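J.: Here you go, final-v2.cif (mmCIF, C-alpha atoms):
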```
data_final
loop_
_atom_site.label_atom_id
_atom_site.label_comp_id
_atom_site.auth_asym_id
_atom_site.auth_seq_id
_atom_site.Cartn_x
_atom_site.Cartn_y
_atom_site.Cartn_z
CA MET B 1 -27.73 28.39 -20.15
CA ASN B 2 -24.72 26.02 -20.05
CA LEU B 3 -22.50 28.10 -22.31
CA PHE B 4 -19.39 25.95 -21.96
CA ASP B 5 -21.17 22.73 -22.94
CA PHE B 6 -23.09 24.58 -25.65
CA SER B 7 -19.88 25.94 -27.22
CA LEU B 8 -18.42 22.40 -27.45
CA ARG B 9 -21.60 21.06 -29.06
CA LEU B 10 -21.73 24.05 -31.41
CA ASN B 11 -18.23 23.17 -32.66
CA GLY B 12 -19.23 19.58 -33.38
CA TYR B 13 -17.92 17.87 -30.25
CA PRO B 14 -20.45 15.19 -29.10
CA LEU B 15 -20.24 15.97 -25.38
CA ASP B 16 -23.45 14.14 -24.41
CA LYS B 17 -22.27 10.95 -26.07
CA ALA B 18 -18.87 11.33 -24.37
CA LYS B 19 -20.42 11.81 -20.93
CA SER B 20 -22.58 8.72 -21.45
CA GLU B 21 -19.53 6.66 -22.50
CA LEU B 22 -17.58 7.86 -19.46
CA ALA B 23 -20.41 6.95 -17.10
CA GLN B 24 -20.61 3.44 -18.56
CA ILE B 25 -16.87 2.90 -18.09
CA GLN B 26 -16.96 4.11 -14.48
CA GLN B 27 -19.82 1.74 -13.63
CA LYS B 28 -17.87 -1.36 -14.67
CA SER B 29 -16.70 -3.85 -12.04
CA ASP B 30 -12.98 -4.53 -11.74
CA ILE B 31 -13.37 -7.76 -13.74
CA ASP B 32 -15.41 -6.10 -16.49
CA PHE B 33 -12.97 -3.19 -16.57
CA LYS B 34 -10.07 -5.54 -17.36
CA THR B 35 -12.03 -6.95 -20.30
CA PHE B 36 -12.90 -3.42 -21.43
CA LEU B 37 -9.24 -2.33 -21.29
CA ASP B 38 -7.96 -5.40 -23.13
CA ASP B 39 -10.54 -4.87 -25.86
CA LYS B 40 -9.80 -1.15 -26.22
CA LEU B 41 -6.03 -1.71 -26.44
CA LYS B 42 -6.45 -4.36 -29.15
CA ALA B 43 -8.98 -2.21 -31.00
CA ILE B 44 -6.92 0.98 -31.11
CA VAL B 45 -3.77 -0.83 -32.30
CA SER B 46 -5.71 -2.72 -34.97
CA TYR B 47 -7.48 0.45 -36.08
CA HIS B 48 -4.30 2.43 -36.64
CA PHE B 49 -2.45 -0.51 -38.17
CA GLU B 50 -5.23 -0.80 -40.74
CA ASN B 51 -6.07 2.88 -41.26
CA ASN B 52 -2.94 4.88 -40.59
CA THR B 53 0.00 4.67 -43.00
CA PHE B 54 2.25 6.60 -40.64
CA TYR B 55 1.64 4.17 -37.78
CA LYS B 56 2.02 1.11 -39.97
CA SER B 57 5.46 2.33 -41.07
CA LEU B 58 6.39 3.18 -37.48
CA ALA B 59 5.23 -0.17 -36.09
CA PRO B 60 5.39 -2.71 -38.95
CA LYS B 61 5.53 -5.68 -36.57
CA ALA B 62 2.82 -4.44 -34.19
CA ASN B 63 0.48 -7.22 -33.12
CA SER B 64 -2.61 -6.21 -31.17
CA ILE B 65 -2.65 -9.62 -29.47
CA SER B 66 0.92 -9.28 -28.12
CA TRP B 67 1.38 -5.99 -26.24
CA SER B 68 5.17 -6.45 -26.00
CA SER B 69 5.36 -6.28 -29.80
CA ILE B 70 4.07 -2.70 -29.75
CA PRO B 71 6.98 -0.23 -30.05
CA VAL B 72 7.28 2.87 -27.89
CA MET B 73 6.60 6.15 -29.71
CA THR B 74 8.56 9.31 -28.95
CA LYS B 75 7.88 12.98 -29.58
CA LYS B 76 10.56 13.05 -32.26
CA ASP B 77 8.66 10.36 -34.19
CA LEU B 78 5.82 12.87 -34.50
CA GLN B 79 7.82 15.80 -35.83
CA GLN B 80 6.62 15.54 -39.40
CA PRO B 81 3.64 17.14 -41.19
CA LEU B 82 0.35 16.41 -39.44
CA GLU B 83 -1.37 15.50 -42.71
CA GLU B 84 1.03 12.56 -43.03
CA ARG B 85 0.08 11.26 -39.59
CA LEU B 86 -3.72 11.35 -39.81
CA SER B 87 -5.80 8.19 -40.26
CA LYS B 88 -7.99 7.53 -43.29
CA GLY B 89 -11.09 9.70 -43.36
CA PHE B 90 -9.59 12.44 -41.21
CA THR B 91 -8.31 15.82 -42.38
CA THR B 92 -7.31 18.97 -40.57
CA LYS B 93 -10.86 20.21 -41.30
CA ASN B 94 -12.72 17.54 -39.31
CA VAL B 95 -10.48 17.06 -36.25
CA TYR B 96 -9.33 19.06 -33.24
CA VAL B 97 -5.83 20.43 -33.96
CA ASN B 98 -3.40 21.94 -31.47
CA LYS B 99 0.30 22.22 -30.72
CA THR B 100 2.23 20.97 -27.70
CA SER B 101 3.89 23.58 -25.49
CA GLY B 102 7.40 22.42 -26.35
CA SER B 103 8.44 22.21 -22.69
CA SER B 104 10.14 18.91 -23.55
CA GLY B 105 12.16 20.57 -26.30
CA ASP B 106 10.30 18.57 -28.98
CA PRO B 107 7.11 20.48 -29.89
CA PHE B 108 4.77 19.16 -32.56
CA ILE B 109 1.25 19.63 -33.94
CA PHE B 110 -1.27 16.92 -33.05
CA ALA B 111 -4.88 16.02 -33.71
CA LYS B 112 -7.79 14.34 -31.94
CA ASP B 113 -11.00 13.15 -33.51
CA LYS B 114 -14.02 15.03 -32.21
CA PHE B 115 -15.36 12.25 -30.01
CA CYS B 116 -11.95 11.79 -28.39
CA HIS B 117 -11.72 15.52 -27.66
CA ALA B 118 -15.25 15.51 -26.24
CA LEU B 119 -14.17 12.68 -23.94
CA THR B 120 -11.23 14.80 -22.78
CA TRP B 121 -13.64 17.48 -21.60
CA ALA B 122 -16.01 14.91 -20.09
CA VAL B 123 -13.14 13.56 -17.96
CA ILE B 124 -12.00 17.06 -16.91
CA GLN B 125 -15.53 18.06 -15.92
CA ASN B 126 -15.93 14.81 -14.02
CA ARG B 127 -12.77 15.40 -11.97
CA PHE B 128 -13.57 19.02 -11.17
CA GLY B 129 -17.01 17.79 -10.14
CA TRP B 130 -15.37 15.84 -7.30
CA TYR B 131 -14.98 19.24 -5.63
CA GLY B 132 -18.35 20.67 -6.64
CA LEU B 133 -16.87 22.75 -9.45
CA ASP B 134 -18.90 23.16 -12.66
CA PHE B 135 -17.41 24.60 -15.86
CA ASN B 136 -20.81 26.05 -16.77
CA SER B 137 -21.48 27.89 -13.53
CA SER B 138 -18.35 28.07 -11.33
CA ARG B 139 -16.29 31.24 -11.78
CA GLN B 140 -12.58 30.66 -12.35
CA ALA B 141 -9.60 32.88 -11.51
CA ARG B 142 -7.20 31.75 -14.24
CA PHE B 143 -3.40 32.09 -13.94
CA TYR B 144 -2.31 31.10 -17.44
CA GLY B 145 -0.42 32.56 -20.36
CA ILE B 146 -2.21 34.08 -23.33
CA PRO B 147 -1.21 34.46 -27.02
CA LEU B 148 0.11 37.93 -27.79
CA ASP B 149 -1.02 38.00 -31.42
CA LYS B 150 -4.35 39.78 -31.87
CA LYS B 151 -6.30 36.80 -33.24
CA GLY B 152 -5.05 34.36 -30.58
CA TYR B 153 -5.50 36.92 -27.82
CA TYR B 154 -9.14 37.66 -28.56
CA LYS B 155 -9.93 34.01 -29.21
CA GLU B 156 -8.73 33.13 -25.70
CA ARG B 157 -10.58 36.07 -24.19
CA PHE B 158 -13.78 34.90 -25.91
CA LYS B 159 -13.27 31.36 -24.61
CA ASP B 160 -12.69 32.79 -21.13
CA ARG B 161 -16.00 34.62 -21.29
CA LEU B 162 -17.84 31.46 -22.35
CA SER B 163 -16.14 29.50 -19.57
CA LYS B 164 -16.80 32.05 -16.80
CA ARG B 165 -13.06 32.69 -16.41
CA TYR B 166 -11.04 35.80 -15.66
CA ARG B 167 -7.42 35.58 -16.77
CA PHE B 168 -4.59 37.02 -14.66
CA SER B 169 -1.23 37.65 -16.31
CA VAL B 170 1.55 35.22 -15.40
CA PHE B 171 4.17 37.47 -17.00
CA ASP B 172 3.91 40.27 -14.43
CA LEU B 173 4.45 38.97 -10.90
CA SER B 174 5.19 42.32 -9.29
CA ASP B 175 3.54 43.50 -6.09
CA THR B 176 1.80 46.19 -8.13
CA ALA B 177 0.21 43.53 -10.33
CA PHE B 178 -0.75 41.45 -7.29
CA GLU B 179 -2.41 44.50 -5.70
CA GLU B 180 -4.59 44.72 -8.80
CA HIS B 181 -5.31 40.98 -8.57
CA LEU B 182 -6.41 41.50 -4.98
CA GLN B 183 -8.89 44.19 -6.00
CA LYS B 184 -10.35 41.83 -8.61
CA PHE B 185 -10.78 39.11 -6.00
CA LYS B 186 -12.54 41.62 -3.72
CA ALA B 187 -14.96 42.56 -6.50
CA THR B 188 -15.59 39.09 -7.99
CA SER B 189 -17.23 35.97 -6.55
CA PHE B 190 -14.61 33.50 -7.72
CA ASP B 191 -15.26 29.81 -6.98
CA TYR B 192 -11.77 28.52 -7.69
CA ILE B 193 -8.25 29.35 -8.84
CA ASN B 194 -6.70 27.40 -11.71
CA GLY B 195 -3.32 27.71 -13.40
CA TYR B 196 0.45 27.37 -13.37
CA THR B 197 1.91 26.41 -10.01
CA SER B 198 4.83 28.86 -9.91
CA SER B 199 2.69 31.93 -10.62
CA ILE B 200 0.07 31.00 -8.06
CA VAL B 201 2.80 30.34 -5.47
CA GLN B 202 4.09 33.87 -6.02
CA PHE B 203 0.59 35.26 -5.42
CA ALA B 204 0.41 33.23 -2.19
CA LYS B 205 3.77 34.66 -1.07
CA PHE B 206 2.45 38.17 -1.73
CA LEU B 207 -0.61 37.44 0.42
CA GLU B 208 1.69 36.12 3.16
CA ARG B 209 3.70 39.36 3.10
CA GLN B 210 0.44 41.30 3.39
CA SER B 211 -0.89 38.96 6.14
CA ILE B 212 -4.02 38.29 4.08
CA CYS B 213 -6.01 35.07 3.76
CA LEU B 214 -7.78 35.22 0.40
CA THR B 215 -11.09 33.83 1.64
CA SER B 216 -11.36 36.79 4.01
CA ILE B 217 -11.88 39.03 0.97
CA CYS B 218 -13.30 36.43 -1.44
CA PRO B 219 -15.44 34.13 0.74
CA THR B 220 -16.92 32.28 -2.27
CA LEU B 221 -13.53 30.69 -3.05
CA ARG B 222 -13.65 26.89 -2.64
CA ALA B 223 -10.53 25.38 -4.23
CA CYS B 224 -7.26 25.95 -6.07
CA VAL B 225 -6.19 23.64 -8.91
CA VAL B 226 -2.54 23.81 -9.99
CA THR B 227 -1.09 22.28 -13.13
CA SER B 228 1.82 22.15 -15.63
CA GLU B 229 4.64 22.59 -13.08
CA MET B 230 5.92 20.70 -10.05
CA LEU B 231 4.03 21.18 -6.78
CA PHE B 232 6.25 21.03 -3.70
CA ASP B 233 4.83 20.20 -0.25
CA ASN B 234 5.92 23.50 1.30
CA ASP B 235 4.33 25.48 -1.53
CA LYS B 236 1.11 23.53 -1.16
CA LYS B 237 1.00 24.28 2.58
CA LEU B 238 1.66 27.96 1.93
CA MET B 239 -1.11 28.20 -0.68
CA GLU B 240 -3.62 26.40 1.50
CA GLN B 241 -2.74 28.72 4.37
CA GLN B 242 -2.99 31.94 2.36
CA PHE B 243 -5.96 30.97 0.19
CA GLY B 244 -7.95 29.21 2.90
CA VAL B 245 -9.00 26.41 0.51
CA PRO B 246 -7.67 22.98 -0.50
CA VAL B 247 -4.99 22.89 -3.22
CA ILE B 248 -5.58 20.20 -5.85
CA ASN B 249 -2.80 18.85 -8.04
CA GLU B 250 -3.48 18.19 -11.73
CA TYR B 251 -1.24 16.51 -14.31
CA GLY B 252 -2.10 16.50 -17.98
CA ALA B 253 -0.82 16.74 -21.54
CA SER B 254 -2.62 18.63 -24.29
CA GLU B 255 -1.94 15.91 -26.87
CA LEU B 256 -3.46 13.23 -24.64
CA ASP B 257 -5.90 14.14 -21.91
CA LEU B 258 -6.03 14.87 -18.22
CA ILE B 259 -3.58 12.26 -16.93
CA ALA B 260 -3.95 12.47 -13.14
CA PHE B 261 -6.04 14.47 -10.69
CA GLN B 262 -5.84 14.57 -6.91
CA ASN B 263 -8.98 12.94 -5.53
CA THR B 264 -10.76 13.79 -2.28
CA ASN B 265 -8.58 11.24 -0.41
CA ASN B 266 -5.45 13.15 -1.54
CA ASP B 267 -4.43 10.36 -3.94
CA TRP B 268 -3.17 11.39 -7.37
CA GLN B 269 -5.63 9.26 -9.32
CA LEU B 270 -4.70 8.43 -12.90
CA ASN B 271 -7.22 8.61 -15.72
CA SER B 272 -7.85 4.97 -16.57
CA GLU B 273 -11.06 5.64 -18.49
CA THR B 274 -9.47 7.07 -21.65
CA LEU B 275 -5.77 6.36 -21.12
CA TYR B 276 -3.58 3.36 -20.34
CA VAL B 277 -0.53 4.38 -18.32
CA GLU B 278 2.61 2.23 -18.03
CA ILE B 279 5.91 2.74 -16.21
CA LEU B 280 8.77 1.35 -18.33
CA ASP B 281 12.48 0.78 -17.76
CA ASP B 282 15.23 1.69 -20.22
CA HIS B 283 14.55 -1.54 -22.16
CA ASP B 284 10.83 -0.76 -22.57
CA GLU B 285 9.87 -3.44 -20.06
CA ILE B 286 6.90 -2.77 -17.76
CA LEU B 287 8.00 -2.10 -14.17
CA PRO B 288 6.01 -3.26 -11.14
CA TYR B 289 4.15 -0.82 -8.92
CA GLY B 290 6.52 1.13 -6.69
CA GLU B 291 9.44 1.29 -9.14
CA GLU B 292 10.59 4.45 -10.92
CA GLY B 293 10.61 4.65 -14.70
CA ARG B 294 9.45 6.42 -17.86
CA ILE B 295 5.77 7.30 -18.13
CA VAL B 296 4.36 5.80 -21.34
CA ILE B 297 0.72 6.36 -22.28
CA THR B 298 -1.77 4.96 -24.78
CA SER B 299 -4.79 7.00 -25.83
CA LEU B 300 -7.64 4.49 -26.02
CA TYR B 301 -10.02 6.59 -28.13
CA ASN B 302 -8.05 8.77 -30.55
CA LYS B 303 -8.71 7.37 -34.00
CA ALA B 304 -7.56 10.45 -35.87
CA HIS B 305 -3.96 10.23 -34.65
CA PRO B 306 -2.09 7.38 -32.94
CA PHE B 307 -0.73 7.83 -29.43
CA ILE B 308 0.13 4.22 -28.68
CA ARG B 309 2.79 3.48 -26.05
CA TYR B 310 3.71 7.15 -26.30
CA ASP B 311 6.70 8.22 -24.19
CA ILE B 312 5.52 11.54 -22.79
CA GLY B 313 9.00 12.43 -21.51
CA ASP B 314 8.26 12.23 -17.79
CA VAL B 315 9.56 9.96 -15.03
CA GLY B 316 7.29 8.67 -12.29
CA VAL B 317 6.22 5.91 -9.92
CA LEU B 318 2.87 4.13 -9.61
CA SER B 319 1.71 3.46 -6.06
CA GLU B 320 1.70 -0.09 -4.71
CA MET B 321 -1.97 0.58 -3.86
CA SER B 322 -2.84 0.88 -7.56
CA THR B 323 -5.35 -1.32 -9.34
CA LEU B 324 -6.03 -1.60 -13.07
CA LYS B 325 -9.22 0.44 -12.75
CA LYS B 326 -7.86 2.89 -10.17
CA PRO B 327 -4.11 3.44 -10.71
CA ILE B 328 -2.47 5.97 -8.38
CA LEU B 329 0.50 8.12 -9.34
CA LYS B 330 2.74 8.00 -6.28
CA THR B 331 5.43 10.35 -7.55
CA LEU B 332 6.12 12.50 -10.59
CA ILE B 333 9.90 12.89 -10.65
CA GLY B 334 10.20 15.31 -13.56
CA ARG B 335 11.02 15.25 -17.23
CA THR B 336 13.51 12.79 -18.71
CA ASN B 337 15.33 15.70 -20.35
CA ASP B 338 15.74 17.35 -16.94
CA ILE B 339 18.30 14.80 -15.79
CA ALA B 340 21.70 16.18 -14.77
CA ILE B 341 24.81 14.21 -15.67
CA LEU B 342 27.47 14.89 -13.03
CA PRO B 343 31.28 14.80 -13.59
CA SER B 344 31.51 11.27 -12.16
CA GLY B 345 28.86 10.05 -14.60
CA LYS B 346 26.24 9.89 -11.86
CA LYS B 347 22.73 10.90 -12.94
CA ALA B 348 20.48 13.06 -10.77
CA ALA B 349 17.00 14.44 -11.30
CA GLY B 350 17.35 18.14 -12.05
CA LEU B 351 14.67 18.97 -9.54
CA THR B 352 16.99 17.60 -6.84
CA PHE B 353 19.14 20.72 -7.32
CA TYR B 354 16.08 22.92 -7.28
CA TYR B 355 14.70 21.29 -4.14
CA ILE B 356 18.00 21.50 -2.23
CA THR B 357 18.35 25.20 -3.04
CA LYS B 358 14.69 25.86 -2.28
CA SER B 359 14.96 24.27 1.17
CA ILE B 360 17.82 26.63 2.07
CA ILE B 361 16.49 29.95 0.77
CA GLU B 362 12.80 29.32 1.49
CA ASP B 363 12.96 31.05 4.85
CA ASP B 364 15.05 33.91 3.51
CA GLY B 365 12.09 36.10 2.58
CA ASN B 366 14.37 37.90 0.15
CA VAL B 367 14.36 35.55 -2.85
CA LYS B 368 11.05 35.57 -4.73
CA GLU B 369 11.79 33.04 -7.48
CA PHE B 370 14.73 31.14 -8.93
CA VAL B 371 15.71 28.63 -11.58
CA ILE B 372 18.82 26.49 -12.02
CA GLU B 373 20.78 25.84 -15.22
CA GLN B 374 23.51 23.25 -15.72
CA LEU B 375 26.11 24.83 -18.03
CA GLU B 376 28.78 22.12 -17.82
CA ALA B 377 28.97 18.80 -15.99
CA HIS B 378 30.40 20.48 -12.88
CA LEU B 379 28.99 24.00 -13.37
CA PHE B 380 25.54 25.13 -12.23
CA LYS B 381 24.03 28.60 -12.21
CA VAL B 382 21.29 29.71 -9.80
CA ILE B 383 19.36 32.60 -11.39
CA TYR B 384 17.19 34.36 -8.84
CA VAL B 385 14.88 37.34 -8.32
CA SER B 386 15.27 39.27 -5.09
CA GLU B 387 15.44 42.75 -3.62
CA MET B 388 18.98 42.15 -2.33
CA GLN B 389 21.92 39.98 -3.31
CA LEU B 390 22.14 36.57 -1.65
CA SER B 391 24.64 36.64 1.19
CA GLU B 392 27.93 34.79 0.79
CA GLU B 393 26.87 32.62 3.69
CA LYS B 394 23.73 31.50 1.84
CA LYS B 395 25.69 30.86 -1.34
CA ASN B 396 28.25 28.74 0.52
CA THR B 397 25.52 26.78 2.28
CA ILE B 398 23.80 25.99 -1.04
CA THR B 399 27.09 24.84 -2.58
CA GLN B 400 27.93 22.67 0.45
CA GLU B 401 24.47 21.06 0.50
CA MET B 402 24.58 20.28 -3.22
CA GLU B 403 27.96 18.61 -2.79
CA ARG B 404 26.73 16.73 0.27
CA TYR B 405 23.63 15.36 -1.49
CA LEU B 406 25.24 14.80 -4.88
CA GLU B 407 29.04 14.78 -5.16
CA GLN B 408 32.15 16.84 -4.46
CA GLY B 409 33.74 19.23 -6.96
CA LEU B 410 30.63 21.08 -8.13
CA THR B 411 30.82 24.78 -8.94
CA ILE B 412 27.73 26.85 -8.20
CA THR B 413 27.44 30.41 -9.49
CA PHE B 414 24.69 32.91 -8.73
CA GLU B 415 23.07 35.57 -10.90
CA ARG B 416 20.49 38.05 -9.65
CA GLN B 417 17.90 39.30 -12.16
CA SER B 418 14.82 41.52 -11.98
CA THR B 419 12.53 38.90 -13.58
CA LEU B 420 12.78 35.30 -14.76
CA LYS B 421 12.31 34.32 -18.36
CA ARG B 422 9.17 32.26 -18.92
CA SER B 423 8.12 30.32 -22.00
CA LYS B 424 5.67 31.88 -24.45
CA SER B 425 2.88 30.00 -22.69
CA GLY B 426 3.91 31.47 -19.33
CA LYS B 427 5.36 28.32 -17.82
CA LEU B 428 8.50 28.44 -15.70
CA LYS B 429 11.13 25.74 -16.23
CA GLN B 430 12.77 25.23 -12.85
CA PHE B 431 15.78 23.25 -14.05
CA THR B 432 17.48 23.15 -17.46
CA SER B 433 20.56 21.18 -18.44
CA HIS B 434 22.67 22.31 -21.39
CA VAL B 435 24.89 19.23 -21.08
CA THR B 436 24.38 16.44 -23.60
CA SER B 437 24.65 12.97 -22.12
CA THR B 438 27.09 10.57 -23.76
CA ILE B 439 26.18 7.78 -21.35
#
```
Represent the supplied structure as structure tokens.
T.:
Amino acid sequence: MNLFDFSLRLNGYPLDKAKSELAQIQQKSDIDFKTFLDDKLKAIVSYHFENNTFYKSLAPKANSISWSSIPVMTKKDLQQPLEERLSKGFTTKNVYVNKTSGSSGDPFIFAKDKFCHALTWAVIQNRFGWYGLDFNSSRQARFYGIPLDKKGYYKERFKDRLSKRYRFSVFDLSDTAFEEHLQKFKATSFDYINGYTSSIVQFAKFLERQSICLTSICPTLRACVVTSEMLFDNDKKLMEQQFGVPVINEYGASELDLIAFQNTNNDWQLNSETLYVEILDDHDEILPYGEEGRIVITSLYNKAHPFIRYDIGDVGVLSEMSTLKKPILKTLIGRTNDIAILPSGKKAAGLTFYYITKSIIEDDGNVKEFVIEQLEAHLFKVIYVSEMQLSEEKKNTITQEMERYLEQGLTITFERQSTLKRSKSGKLKQFTSHVTSTI
């Protein structure tokens, strides 16, 4: 019995209808797809303008015929009671309701109508199917957080059982915990790993220290899908080496949908079936393929709640090889609120600091994990987990490299801890700036 599909249908999500809709979209020619997209964009704007008081007040001059007249929405626009943002005919009783993780610093509650949410799962199942993975039959090793309250905890455990998942803790990354993980992999025929990048990387590093390739003890393993955090090339190589399977990069947002998924040609293919993705400059103008800007997304199907030209808070680049039907995400730079403002006024992606430091201590073997915080314009703190203190030589090298890549006059401090603080969901934020930009 297909328990996963059955549970969605049981809760009123029309999965069969969603799968049929998805198949029809995917069969369209490039010319027909353009017509489809134009029609969907006009329809969703018109629908919310006519049926959603919140959106009409947010975009009083919106004209579905002129896309440039549509204002960009931000997360802060949505930080008001959900009931005031729902379209006519929708209540919290007949929609899917959830809350964003708050990794952007602006959490909010959102809603999707049931057909839109069914489409979300149809797209996810379609993408996993590229690698022969089936939510109804493939067994998942899940590296995610879990609610600690009793109701939330058991609800997630029940969903795991329905979805053929076993959940590993992302809050305990000790060797003792990883030894227990290893025993579970020996005893269970897992088909794939799925979860937060940083936690899975730590498991791969443990396997490297033990000189173990995971498929030697779990030969049924076929793939590893990482999500929610940045995937660096060196980490991907390490995971593929220690797991013995391809590592697939996923990018999504709970309030929207699966946004991008690495296809079998190693391209990060954007979801064009249910989303319209734009790259905008600081003046909300659409940038050509190949140029870096803010990622702004329109949900084509969500009638319960508007996500129209919604600034998700990320910065990225679309590949020059993109087409309207098959857009490719060339680069995901990071979050817009992860930008460091240096003493000179220069801006730098926070992950630049993380990447520079990572490249220096990667071969150390001593440092297990680290994060970087910007405390003042010139002052940065590297917080790390290791068995021994970083040597003065390593610290000086990191400082020199940061100044070489960025600018002179930076102060880098180091703090060794036993564990790193993760969010309630279990995610690890690699760079955080506490400096407010006045530029």
J.: Go through B:Leu318, B:Val435, B:Ile286, B:Leu258 and flag the residue nearest Trp121 (chain B), using all atoms listed in the file for the distances.
T.: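 Ranking B:Leu318, B:Val435, B:Ile286, B:Leu258 by distance to Trp121 (chain B), first place goes to B:Leu258.
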J.: List every residue of region 211-320 of chain B that has an atom at most 6 Å from any atom of region 198-207 of chain B, and for each one report the closest atom pair and its distance in Å to one decimal, counting all atoms listed in the file, with rows sorted by chain and then by increasing residue number, as CSV.
T.:
```
residue,atom,partner,partner_atom,distance
B:Ser211,CA,B:Leu207,CA,5.9
B:Ile212,CA,B:Leu207,CA,5.1
B:Met239,CA,B:Ala204,CA,5.5
B:Gln242,CA,B:Ala204,CA,5.8
```
J.: Written as number ranges by chain, what is the full residue list that the PyMOL selection byres ((chain B and resi 292) around 6) yields on the file shown?
T.: B: 291, 293, 316-317
J.: For this file, the PyMOL selection byres ((chain B and resi 225) around 8) selects which residues, as a PyMOL selection string?
T.: chain B and resi 192-195+223-224+226-227+247-250
J.: Tell me, in Å to one decimal, how far CA of Thr100 (chain B) is from CA of Ala304 (chain B).
T.: 16.5 Å
J.: Looking at only C-alpha atoms, which of B:Cys218, B:Asn302, B:Pro343, B:Leu15 is the one that sits closest to Ser87 (chain B)?
T.: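 Closest residue, counting only C-alpha atoms: B:Asn302.
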J.: Could you state which residues are captured by the PyMOL selection byres ((chain B and resi 419) around 12) in this file, as number ranges by chain?
T.: B: 170-174, 367-371, 383-387, 415-418, 420-422, 428
J.: Kindly indicate which residue among B:Leu182, B:Ile356, B:Leu300, B:Leu119 lies nearest to Val45 (chain B), using only C-alpha atoms for the distances.
T.: B:Leu300
J.: Near region 269-272 of chain B, counting only C-alpha atoms, which residues have an atom at most 10 Å away, once you skip same-chain residues fewer than 5 positions from it, shown as JSON, numbers by chain?
T.: {"B": [25, 26, 33, 37, 123, 124, 127, 250, 251, 252, 257, 258, 259, 260, 261, 262, 263, 264, 277, 299, 300, 318, 319, 322, 323, 324, 325, 326, 327, 328, 329, 330]}
J.: Do a neighbour search on Gly350 (chain B) at 7 Å with all atoms listed in the file, toss out local chain neighbours closer than 2 positions, and write the hits as an NGL selection string.
T.: :B and (338-340 or 348 or 352-354 or 431)
J.: Can you work out the spacing between CA of Ala118 (chain B) and CA of Leu280 (chain B) in Å, to one decimal?
T.: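 CA of Leu280 (chain B) lies 29.0 Å from CA of Ala118 (chain B).
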J.: One decimal, Å: what's the distance from CA of Glu401 (chain B) over to CA of Lys237 (chain B), could you say?
T.: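 Going from CA of Glu401 (chain B) over to CA of Lys237 (chain B) covers 23.8 Å.
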J.: What would the list of residues within 9 Å of (23.5, 22.5, -14.8) (file frame) look like as a short mmCIF file (atom, residue, chain, number, x, y, z; two decimals) with C-alpha atoms, keeping the file's coordinate frame, if all atoms listed in the file are what count?
T.:
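And here is the file that came out, part20.cif:
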```
data_model
loop_
_atom_site.label_atom_id
_atom_site.label_comp_id
_atom_site.auth_asym_id
_atom_site.auth_seq_id
_atom_site.Cartn_x
_atom_site.Cartn_y
_atom_site.Cartn_z
CA ALA B 340 21.70 16.18 -14.77
CA ILE B 341 24.81 14.21 -15.67
CA LEU B 342 27.47 14.89 -13.03
CA GLY B 350 17.35 18.14 -12.05
CA PHE B 353 19.14 20.72 -7.32
CA ILE B 372 18.82 26.49 -12.02
CA GLU B 373 20.78 25.84 -15.22
CA GLN B 374 23.51 23.25 -15.72
CA LEU B 375 26.11 24.83 -18.03
CA GLU B 376 28.78 22.12 -17.82
CA ALA B 377 28.97 18.80 -15.99
CA HIS B 378 30.40 20.48 -12.88
CA LEU B 379 28.99 24.00 -13.37
CA PHE B 380 25.54 25.13 -12.23
CA LYS B 381 24.03 28.60 -12.21
CA ILE B 412 27.73 26.85 -8.20
CA PHE B 431 15.78 23.25 -14.05
CA THR B 432 17.48 23.15 -17.46
CA SER B 433 20.56 21.18 -18.44
CA HIS B 434 22.67 22.31 -21.39
CA VAL B 435 24.89 19.23 -21.08
#
```
J.: Please determine, counting all atoms listed in the file, which residue among B:Leu82, B:Ala23, B:Leu162, B:Ile65 has the shortest atom-to-atom distance to Asp5 (chain B).
T.: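 Ranking B:Leu82, B:Ala23, B:Leu162, B:Ile65 by distance to Asp5 (chain B), first place goes to B:Leu162.
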J.: Give the padded box for region 50-56 of chain B as JSON: axis-aligned, covering all atoms listed in the file, 6 Å on each side, centre and edge lengths in Å to one decimal.
T.:
```
{"center_x": -1.9, "center_y": 2.9, "center_z": -40.4, "size_x": 20.3, "size_y": 19.4, "size_z": 17.2}
```
J.: For a quick check of understanding, using only C-alpha atoms, which of B:Thr274, B:Thr197, B:Ser7, B:Ser46 has the smallest distance to Arg161 (chain B)?
T.: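 For Arg161 (chain B), the nearest of the given residues is B:Ser7.
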J.: Closest to Val382 (chain B) among B:Lys61, B:Lys395, B:His181, B:Lys303, using only C-alpha atoms?
T.: B:Lys395
J.: Show me, as a list in words, the residues that have an atom within 7 Å of Phe110 (chain B) when counting only C-alpha atoms, minus same-chain residues fewer than 5 positions from it.
T.: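 Selected residues are Leu82, Val97, Asn98, Lys99 and Glu255 of chain B.
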